[in-house]
>>> print(open('run-v4.csv').read())   # CSV, C-alpha atoms
chain,number,residue,atom,x,y,z
A,215,MET,CA,42.8,-8.4,28.8
A,216,ASN,CA,39.0,-8.7,28.9
A,217,PHE,CA,38.3,-12.5,29.1
A,218,PHE,CA,34.5,-12.0,29.1
A,219,GLY,CA,34.7,-9.7,26.2
A,220,LYS,CA,36.6,-12.3,24.1
A,221,LYS,CA,34.1,-15.0,25.2
A,222,GLN,CA,31.2,-12.8,24.1
A,223,GLN,CA,32.9,-12.1,20.8
A,224,ARG,CA,33.4,-15.9,20.2
A,225,ALA,CA,29.7,-16.5,21.0
A,226,GLY,CA,28.8,-13.8,18.5
A,227,LEU,CA,30.9,-15.5,15.9
A,228,GLU,CA,29.2,-18.8,16.6
A,229,VAL,CA,25.8,-17.3,16.1
A,230,SER,CA,27.1,-15.6,12.9
A,231,LEU,CA,28.4,-19.0,11.7
A,232,GLU,CA,25.1,-20.6,12.5
A,233,ASP,CA,23.2,-17.9,10.6
A,234,HIS,CA,25.6,-18.3,7.7
A,235,LEU,CA,25.1,-22.1,7.6
A,236,ALA,CA,21.3,-21.7,7.8
A,237,GLU,CA,21.3,-19.0,5.0
A,238,GLN,CA,22.9,-21.6,2.7
A,239,GLN,CA,19.8,-23.8,3.0
A,240,VAL,CA,16.9,-23.3,0.6
A,241,ALA,CA,13.2,-23.9,1.1
A,242,PRO,CA,12.2,-27.2,-0.6
A,243,GLY,CA,11.4,-26.9,-4.3
A,244,THR,CA,12.6,-23.2,-4.5
A,245,GLN,CA,15.8,-21.2,-4.7
A,246,LEU,CA,14.7,-19.2,-1.6
A,247,HIS,CA,17.4,-19.1,1.0
A,248,TYR,CA,16.7,-18.6,4.6
A,249,ASP,CA,17.4,-15.0,5.6
A,250,SER,CA,18.3,-14.6,9.3
A,251,ARG,CA,17.6,-10.9,9.1
A,252,LEU,CA,14.2,-11.1,7.3
A,253,VAL,CA,12.1,-10.9,10.5
A,254,GLU,CA,14.2,-8.0,11.8
A,255,ARG,CA,13.8,-6.2,8.4
A,256,LEU,CA,10.0,-6.7,8.4
A,257,CYS,CA,9.7,-5.5,11.9
A,258,GLY,CA,11.8,-2.4,11.0
A,259,HIS,CA,9.5,-1.8,8.1
A,260,ALA,CA,6.5,-2.0,10.4
A,261,VAL,CA,7.9,0.6,12.7
A,262,SER,CA,8.9,3.0,9.9
A,263,LEU,CA,5.5,2.5,8.2
A,264,MET,CA,3.6,3.4,11.3
A,265,ASP,CA,5.9,6.4,11.9
A,266,LEU,CA,5.2,7.7,8.4
A,267,LEU,CA,1.5,7.4,8.8
A,268,ALA,CA,1.7,9.3,12.1
A,269,LEU,CA,3.8,12.0,10.6
A,270,GLY,CA,1.4,12.3,7.7
A,271,GLY,CA,-1.5,12.7,10.1
A,272,SER,CA,0.3,15.3,12.2
A,273,ALA,CA,1.2,17.2,9.0
A,274,ALA,CA,-2.4,17.2,7.8
A,275,ARG,CA,-3.7,18.4,11.2
A,276,ALA,CA,-1.2,21.2,11.0
A,277,SER,CA,-2.4,22.1,7.4
A,278,LYS,CA,1.0,21.1,6.0
A,279,PHE,CA,-0.6,19.2,3.1
A,280,ASP,CA,2.5,19.0,0.9
A,281,GLU,CA,4.4,17.4,3.8
A,282,ALA,CA,1.5,14.9,4.4
A,283,GLU,CA,1.6,13.9,0.8
A,284,ARG,CA,5.4,13.4,0.9
A,285,CYS,CA,4.9,11.2,3.9
A,286,LEU,CA,2.4,9.1,2.0
A,287,TYR,CA,4.7,8.9,-1.0
A,288,ARG,CA,7.5,7.6,1.2
A,289,PHE,CA,5.0,5.3,2.9
A,290,ARG,CA,3.9,3.9,-0.5
A,291,LEU,CA,7.5,3.1,-1.5
A,292,LEU,CA,8.3,1.3,1.8
A,293,PHE,CA,4.9,-0.4,1.9
A,294,ASN,CA,5.6,-1.9,-1.6
A,295,GLU,CA,9.0,-3.1,-0.5
A,296,HIS,CA,7.5,-4.6,2.7
A,297,MET,CA,4.8,-6.4,0.8
A,298,LEU,CA,7.3,-7.8,-1.8
A,299,ASP,CA,9.6,-9.0,1.0
A,300,LYS,CA,6.6,-10.6,2.8
A,301,ASN,CA,5.0,-12.2,-0.3
A,302,LEU,CA,8.2,-13.6,-1.8
A,303,ARG,CA,10.6,-14.1,1.0
A,304,LEU,CA,8.2,-15.0,3.9
A,305,TYR,CA,4.9,-16.5,2.5
A,306,THR,CA,6.4,-18.4,-0.4
A,307,TYR,CA,9.2,-19.7,1.8
A,308,LEU,CA,6.8,-20.7,4.6
A,309,GLY,CA,4.4,-22.3,2.1
A,310,ARG,CA,7.2,-24.7,1.0
A,311,CYS,CA,8.6,-25.3,4.5
A,312,LEU,CA,5.2,-26.0,6.2
A,313,LYS,CA,4.1,-28.7,3.8
A,314,SER,CA,4.4,-31.3,6.5
A,315,ASP,CA,2.5,-29.2,9.0
A,316,PRO,CA,-1.1,-28.8,7.8
A,317,GLU,CA,-2.2,-26.7,10.7
A,318,GLY,CA,0.7,-24.3,10.4
A,319,LEU,CA,0.3,-24.1,6.6
A,320,GLU,CA,-3.4,-23.2,7.0
A,321,PHE,CA,-2.6,-20.6,9.6
A,322,MET,CA,0.0,-19.1,7.3
A,323,ARG,CA,-2.5,-19.1,4.3
A,324,HIS,CA,-5.1,-17.4,6.5
A,325,MET,CA,-2.6,-14.7,7.5
A,326,ARG,CA,-1.6,-14.2,3.8
A,327,ARG,CA,-5.2,-13.7,2.8
A,328,GLU,CA,-5.8,-11.2,5.6
A,329,THR,CA,-2.6,-9.4,4.7
A,330,GLY,CA,-3.6,-9.3,1.0
A,331,GLU,CA,-7.0,-7.7,1.9
A,332,ILE,CA,-5.3,-5.1,4.2
A,333,SER,CA,-2.8,-4.4,1.4
A,334,ARG,CA,-5.6,-3.8,-1.1
A,335,GLN,CA,-7.4,-1.5,1.3
A,336,THR,CA,-4.2,0.4,1.9
A,337,THR,CA,-3.4,0.7,-1.8
A,338,ARG,CA,-7.0,2.0,-2.5
A,339,PHE,CA,-6.5,4.6,0.3
A,340,LEU,CA,-3.2,5.7,-1.1
A,341,SER,CA,-4.6,6.0,-4.7
A,342,ARG,CA,-7.5,8.1,-3.5
A,343,CYS,CA,-5.1,10.4,-1.7
A,344,GLN,CA,-2.9,10.7,-4.7
A,345,GLU,CA,-5.8,11.4,-7.1
A,346,ALA,CA,-7.7,13.9,-4.8
A,347,GLY,CA,-4.8,15.2,-2.9
A,348,ILE,CA,-4.9,16.3,0.7
A,349,SER,CA,-6.5,19.6,1.3
A,350,GLU,CA,-8.4,21.7,3.9
A,351,GLU,CA,-11.7,20.5,2.5
A,352,ARG,CA,-10.6,16.8,2.5
A,353,ARG,CA,-8.7,16.9,5.8
A,354,ASP,CA,-11.3,15.3,8.1
A,355,GLU,CA,-12.1,12.6,5.5
A,356,PHE,CA,-8.4,11.9,5.1
A,357,LEU,CA,-7.7,11.7,8.8
A,358,ASP,CA,-10.7,9.3,9.3
A,359,GLU,CA,-9.4,7.0,6.5
A,360,LEU,CA,-5.8,7.3,7.8
A,361,ALA,CA,-6.9,6.2,11.3
A,362,LEU,CA,-8.7,3.2,9.8
A,363,ILE,CA,-5.5,2.2,7.9
A,364,GLU,CA,-3.4,2.7,11.0
A,365,ASP,CA,-5.6,0.4,13.0
A,366,LEU,CA,-5.7,-2.3,10.4
A,367,LEU,CA,-1.9,-2.2,10.0
A,368,ARG,CA,-1.2,-2.1,13.7
A,369,HIS,CA,-3.4,-5.1,14.3
A,370,CYS,CA,-1.8,-7.0,11.3
A,371,PHE,CA,1.8,-6.1,12.4
A,372,THR,CA,1.2,-7.2,16.0
A,373,ARG,CA,-0.4,-10.5,14.9
A,374,GLU,CA,2.4,-11.2,12.5
A,375,GLU,CA,5.0,-10.5,15.2
A,376,ARG,CA,3.4,-12.7,17.7
A,377,SER,CA,2.2,-15.6,15.6
A,378,LEU,CA,3.6,-15.7,12.1
A,379,TYR,CA,7.3,-14.5,12.3
A,380,PRO,CA,8.2,-17.2,14.9
A,381,MET,CA,7.3,-19.8,12.2
A,382,TYR,CA,10.1,-18.6,10.0
A,383,ARG,CA,13.1,-20.7,10.6
A,384,SER,CA,15.9,-22.5,8.6
A,385,PRO,CA,14.6,-25.3,6.4
A,386,ARG,CA,16.4,-28.0,8.3
A,387,SER,CA,14.5,-27.0,11.5
A,388,TYR,CA,11.2,-27.9,9.9
A,389,GLN,CA,12.4,-31.4,9.1
A,390,ALA,CA,13.7,-31.9,12.6
A,391,ALA,CA,10.4,-30.9,14.3
A,392,PRO,CA,7.6,-30.4,11.9
A,393,ALA,CA,4.8,-30.4,14.5
A,394,GLN,CA,6.4,-27.5,16.4
A,395,SER,CA,5.9,-24.9,13.7
A,396,SER,CA,2.2,-24.2,14.4
A,397,SER,CA,2.5,-24.3,18.1
A,398,ILE,CA,5.6,-22.1,18.2
A,399,GLY,CA,3.8,-19.5,16.2
A,400,ARG,CA,1.0,-19.2,18.8
A,401,ARG,CA,3.1,-19.3,21.9
A,402,THR,CA,6.2,-17.4,21.2
A,403,ARG,CA,6.8,-13.7,20.8
A,404,VAL,CA,9.6,-12.4,18.7
A,405,GLY,CA,11.9,-10.2,20.7
A,406,HIS,CA,11.5,-7.0,18.6
A,407,ALA,CA,10.1,-3.8,20.0
A,408,LEU,CA,7.2,-2.8,17.7
A,409,PRO,CA,5.1,0.1,18.7
A,410,CYS,CA,1.9,-1.8,17.7
>>> encode(input="run-v4.csv", output="structure tokens")
Amino acid sequence: MNFFGKKQQRAGLEVSLEDHLAEQQVAPGTQLHYDSRLVERLCGHAVSLMDLLALGGSAARASKFDEAERCLYRFRLLFNEHMLDKNLRLYTYLGRCLKSDPEGLEFMRHMRRETGEISRQTTRFLSRCQEAGISEERRDEFLDELALIEDLLRHCFTREERSLYPMYRSPRSYQAAPAQSSSIGRRTRVGHALPC
């Protein structure tokens, strides 16, 4: 009989029950439920997105242009999913929950504007690549633009992980300690291993 194993299993059930109860809560004025796996999913997207860009760059350097275009196609699909999750499930949710924390709300709005601009730049890059294709003649231009997009996204993902994602909590926790939301976002680091 493994006593410690059973104790760890019970602790895991308690966390699951806690998550389950938190997920039944909705952000004020919305039907958006707290999602205990949202931050993990967004961080996973970030890792996959950066991997796809790196694979696309490697393929282009090796003159495997069809493969590079497939990587960008997969990147576009995941990027759209990531932005939808972020805009609806994160920013809308935080906008409602941070109403009593003006500093945290302003920080979140700033991050949303920054993310929106990066999203537009990324979408323009993807559209140019789709229209012109990736070829020997365009390889250097493509790689330069790709490096710029990689840097923008790496910076954005790192900043979100450190400052924005810790602000995402169950709705009840905002009512309990509204002033904490902005200070938590600046001091805490989410325990996910992002390569950014």
>>> closest_residue(input="run-v4.csv", among="A:Arg342, A:Arg373, A:Arg310, A:Arg290", to="Thr329 of chain A", atoms="only C-alpha atoms")
A:Arg373
>>> closest_residue(input="run-v4.csv", among="A:His324, A:Arg284, A:Lys300, A:Arg275", to="Asp249 of chain A", atoms="all atoms listed in the file")
A:Lys300
>>> closest_residue(input="run-v4.csv", among="A:Thr336, A:Asn301, A:Asn294, A:Ser377", to="Leu267 of chain A", atoms="only C-alpha atoms")
A:Thr336
>>> residues_around(input="run-v4.csv", residues="Leu252 of chain A", least_positions_apart="6", cutoff="10 Å", atoms="all atoms listed in the file", output="PDB file with C-alpha atoms, in the frame of the given file")
ATOM      1  CA  GLY A 258      11.800  -2.400  11.000  1.00  0.00           C
ATOM      2  CA  ASP A 299       9.600  -9.000   1.000  1.00  0.00           C
ATOM      3  CA  LYS A 300       6.600 -10.600   2.800  1.00  0.00           C
ATOM      4  CA  ARG A 303      10.600 -14.100   1.000  1.00  0.00           C
ATOM      5  CA  LEU A 304       8.200 -15.000   3.900  1.00  0.00           C
ATOM      6  CA  TYR A 379       7.300 -14.500  12.300  1.00  0.00           C
ATOM      7  CA  TYR A 382      10.100 -18.600  10.000  1.00  0.00           C
TER       8      TYR A 382
END
>>> residues_around(input="run-v4.csv", residues="segment 360-371 of chain A", least_positions_apart="5", cutoff="9 Å", atoms="only C-alpha atoms", output="short mmCIF file (atom, residue, chain, number, x, y, z; two decimals) with C-alpha atoms, keeping the file's coordinate frame")
data_model
loop_
_atom_site.label_atom_id
_atom_site.label_comp_id
_atom_site.auth_asym_id
_atom_site.auth_seq_id
_atom_site.Cartn_x
_atom_site.Cartn_y
_atom_site.Cartn_z
CA CYS A 257 9.70 -5.50 11.90
CA ALA A 260 6.50 -2.00 10.40
CA LEU A 263 5.50 2.50 8.20
CA MET A 264 3.60 3.40 11.30
CA LEU A 267 1.50 7.40 8.80
CA ALA A 268 1.70 9.30 12.10
CA GLY A 270 1.40 12.30 7.70
CA GLY A 271 -1.50 12.70 10.10
CA MET A 325 -2.60 -14.70 7.50
CA GLU A 328 -5.80 -11.20 5.60
CA THR A 329 -2.60 -9.40 4.70
CA ILE A 332 -5.30 -5.10 4.20
CA SER A 333 -2.80 -4.40 1.40
CA GLN A 335 -7.40 -1.50 1.30
CA THR A 336 -4.20 0.40 1.90
CA PHE A 339 -6.50 4.60 0.30
CA GLU A 355 -12.10 12.60 5.50
CA ARG A 376 3.40 -12.70 17.70
CA LEU A 408 7.20 -2.80 17.70
CA PRO A 409 5.10 0.10 18.70
CA CYS A 410 1.90 -1.80 17.70
#
>>> closest_residue(input="run-v4.csv", among="A:Tyr248, A:Cys343, A:Glu331, A:Asp315", to="Cys285 of chain A", atoms="all atoms listed in the file")
A:Cys343
>>> atom_distance(input="run-v4.csv", atom1="atom CA of Ser272 of chain A", atom2="atom CA of Asp358 of chain A")
12.9 Å
>>> closest_residue(input="run-v4.csv", among="A:Glu359, A:Asp354, A:Glu345, A:Glu295", to="Arg255 of chain A", atoms="all atoms listed in the file")
A:Glu295
>>> atom_distance(input="run-v4.csv", atom1="atom CA of Ser384 of chain A", atom2="atom CA of Thr306 of chain A")
13.7 Å
>>> closest_residue(input="run-v4.csv", among="A:Tyr287, A:Tyr307, A:Phe321, A:Tyr388", to="Thr337 of chain A", atoms="only C-alpha atoms")
A:Tyr287
>>> residues_around(input="run-v4.csv", residues="Ser349 of chain A", least_positions_apart="4", cutoff="10 Å", atoms="all atoms listed in the file", output="mmCIF file with C-alpha atoms, in the frame of the given file")
data_model
loop_
_atom_site.group_PDB
_atom_site.id
_atom_site.type_symbol
_atom_site.label_atom_id
_atom_site.label_comp_id
_atom_site.auth_asym_id
_atom_site.auth_seq_id
_atom_site.Cartn_x
_atom_site.Cartn_y
_atom_site.Cartn_z
ATOM 1 C CA ALA A 274 -2.400 17.200 7.800
ATOM 2 C CA SER A 277 -2.400 22.100 7.400
ATOM 3 C CA LYS A 278 1.000 21.100 6.000
ATOM 4 C CA PHE A 279 -0.600 19.200 3.100
ATOM 5 C CA ASP A 280 2.500 19.000 0.900
ATOM 6 C CA ALA A 282 1.500 14.900 4.400
ATOM 7 C CA GLU A 283 1.600 13.900 0.800
ATOM 8 C CA CYS A 343 -5.100 10.400 -1.700
ATOM 9 C CA ARG A 353 -8.700 16.900 5.800
ATOM 10 C CA ASP A 354 -11.300 15.300 8.100
ATOM 11 C CA GLU A 355 -12.100 12.600 5.500
ATOM 12 C CA PHE A 356 -8.400 11.900 5.100
#
>>> atom_distance(input="run-v4.csv", atom1="atom CA of Glu375 of chain A", atom2="atom CA of Arg288 of chain A")
23.0 Å
>>> decode(input="run-v4.csv", residues="segment 269-284 of chain A", atoms="all heavy atoms", output="short mmCIF file (atom, residue, chain, number, x, y, z; two decimals), in the first residue's frame")
data_model
loop_
_atom_site.label_atom_id
_atom_site.label_comp_id
_atom_site.auth_asym_id
_atom_site.auth_seq_id
_atom_site.Cartn_x
_atom_site.Cartn_y
_atom_site.Cartn_z
N LEU A 269 10.61 26.06 -38.07
CA LEU A 269 10.61 25.03 -39.11
C LEU A 269 10.46 25.65 -40.49
O LEU A 269 11.12 25.21 -41.45
CB LEU A 269 9.48 24.03 -38.87
CG LEU A 269 9.65 23.07 -37.71
CD1 LEU A 269 8.35 22.30 -37.45
CD2 LEU A 269 10.80 22.10 -37.98
N GLY A 270 9.60 26.65 -40.61
CA GLY A 270 9.44 27.34 -41.89
C GLY A 270 10.72 28.02 -42.34
O GLY A 270 11.09 27.96 -43.52
N GLY A 271 11.42 28.65 -41.42
CA GLY A 271 12.69 29.29 -41.74
C GLY A 271 13.74 28.27 -42.15
O GLY A 271 14.46 28.47 -43.13
N SER A 272 13.82 27.16 -41.42
CA SER A 272 14.79 26.11 -41.76
C SER A 272 14.49 25.53 -43.14
O SER A 272 15.41 25.29 -43.93
CB SER A 272 14.74 24.98 -40.73
OG SER A 272 15.18 25.45 -39.49
N ALA A 273 13.21 25.31 -43.42
CA ALA A 273 12.84 24.76 -44.73
C ALA A 273 13.21 25.74 -45.84
O ALA A 273 13.73 25.33 -46.89
CB ALA A 273 11.34 24.45 -44.76
N ALA A 274 12.96 27.02 -45.65
CA ALA A 274 13.30 28.02 -46.67
C ALA A 274 14.81 28.09 -46.89
O ALA A 274 15.27 28.18 -48.03
CB ALA A 274 12.75 29.39 -46.28
N ARG A 275 15.59 28.03 -45.81
CA ARG A 275 17.05 28.06 -45.96
C ARG A 275 17.55 26.84 -46.72
O ARG A 275 18.55 26.91 -47.42
CB ARG A 275 17.71 28.15 -44.59
CG ARG A 275 17.72 29.56 -44.02
CD ARG A 275 18.56 29.69 -42.76
NE ARG A 275 17.86 29.23 -41.56
CZ ARG A 275 16.88 29.89 -40.95
NH1 ARG A 275 16.46 31.03 -41.43
NH2 ARG A 275 16.32 29.40 -39.86
N ALA A 276 16.83 25.71 -46.61
CA ALA A 276 17.22 24.48 -47.30
C ALA A 276 16.56 24.38 -48.69
O ALA A 276 16.60 23.32 -49.32
CB ALA A 276 16.83 23.27 -46.46
N SER A 277 15.97 25.47 -49.15
CA SER A 277 15.28 25.53 -50.45
C SER A 277 14.11 24.55 -50.55
O SER A 277 13.73 24.12 -51.64
CB SER A 277 16.25 25.30 -51.61
OG SER A 277 17.22 26.32 -51.64
N LYS A 278 13.49 24.24 -49.42
CA LYS A 278 12.29 23.40 -49.40
C LYS A 278 11.09 24.33 -49.25
O LYS A 278 10.46 24.40 -48.20
CB LYS A 278 12.36 22.40 -48.24
CG LYS A 278 13.52 21.42 -48.36
CD LYS A 278 13.57 20.51 -47.15
CE LYS A 278 14.75 19.56 -47.26
NZ LYS A 278 14.87 18.71 -46.06
N PHE A 279 10.78 25.03 -50.33
CA PHE A 279 9.80 26.10 -50.26
C PHE A 279 8.37 25.60 -50.05
O PHE A 279 7.59 26.26 -49.37
CB PHE A 279 9.92 26.99 -51.51
CG PHE A 279 11.30 27.56 -51.66
CD1 PHE A 279 12.09 27.22 -52.75
CD2 PHE A 279 11.83 28.40 -50.69
CE1 PHE A 279 13.37 27.73 -52.88
CE2 PHE A 279 13.11 28.92 -50.81
CZ PHE A 279 13.87 28.58 -51.91
N ASP A 280 8.03 24.45 -50.61
CA ASP A 280 6.70 23.88 -50.38
C ASP A 280 6.52 23.57 -48.89
O ASP A 280 5.45 23.81 -48.31
CB ASP A 280 6.48 22.61 -51.20
CG ASP A 280 6.29 22.91 -52.68
OD1 ASP A 280 6.00 24.07 -53.01
OD2 ASP A 280 6.43 21.97 -53.49
N GLU A 281 7.56 23.02 -48.29
CA GLU A 281 7.51 22.69 -46.86
C GLU A 281 7.39 23.97 -46.03
O GLU A 281 6.63 24.02 -45.06
CB GLU A 281 8.76 21.91 -46.46
CG GLU A 281 8.73 21.40 -45.04
CD GLU A 281 9.98 20.60 -44.69
OE1 GLU A 281 10.48 19.86 -45.57
OE2 GLU A 281 10.45 20.72 -43.55
N ALA A 282 8.10 25.00 -46.41
CA ALA A 282 8.02 26.29 -45.70
C ALA A 282 6.60 26.85 -45.78
O ALA A 282 6.06 27.34 -44.78
CB ALA A 282 9.02 27.28 -46.28
N GLU A 283 5.99 26.74 -46.95
CA GLU A 283 4.62 27.23 -47.11
C GLU A 283 3.63 26.41 -46.30
O GLU A 283 2.68 26.96 -45.73
CB GLU A 283 4.24 27.26 -48.59
CG GLU A 283 4.97 28.37 -49.34
CD GLU A 283 4.69 28.39 -50.84
OE1 GLU A 283 3.85 27.58 -51.31
OE2 GLU A 283 5.31 29.21 -51.52
N ARG A 284 3.85 25.10 -46.20
CA ARG A 284 2.99 24.26 -45.36
C ARG A 284 3.11 24.66 -43.88
O ARG A 284 2.12 24.70 -43.16
CB ARG A 284 3.32 22.78 -45.54
CG ARG A 284 2.69 22.16 -46.79
CD ARG A 284 2.80 20.66 -46.81
NE ARG A 284 4.16 20.16 -46.80
CZ ARG A 284 4.93 20.00 -47.86
NH1 ARG A 284 4.45 20.32 -49.06
NH2 ARG A 284 6.15 19.54 -47.75
#
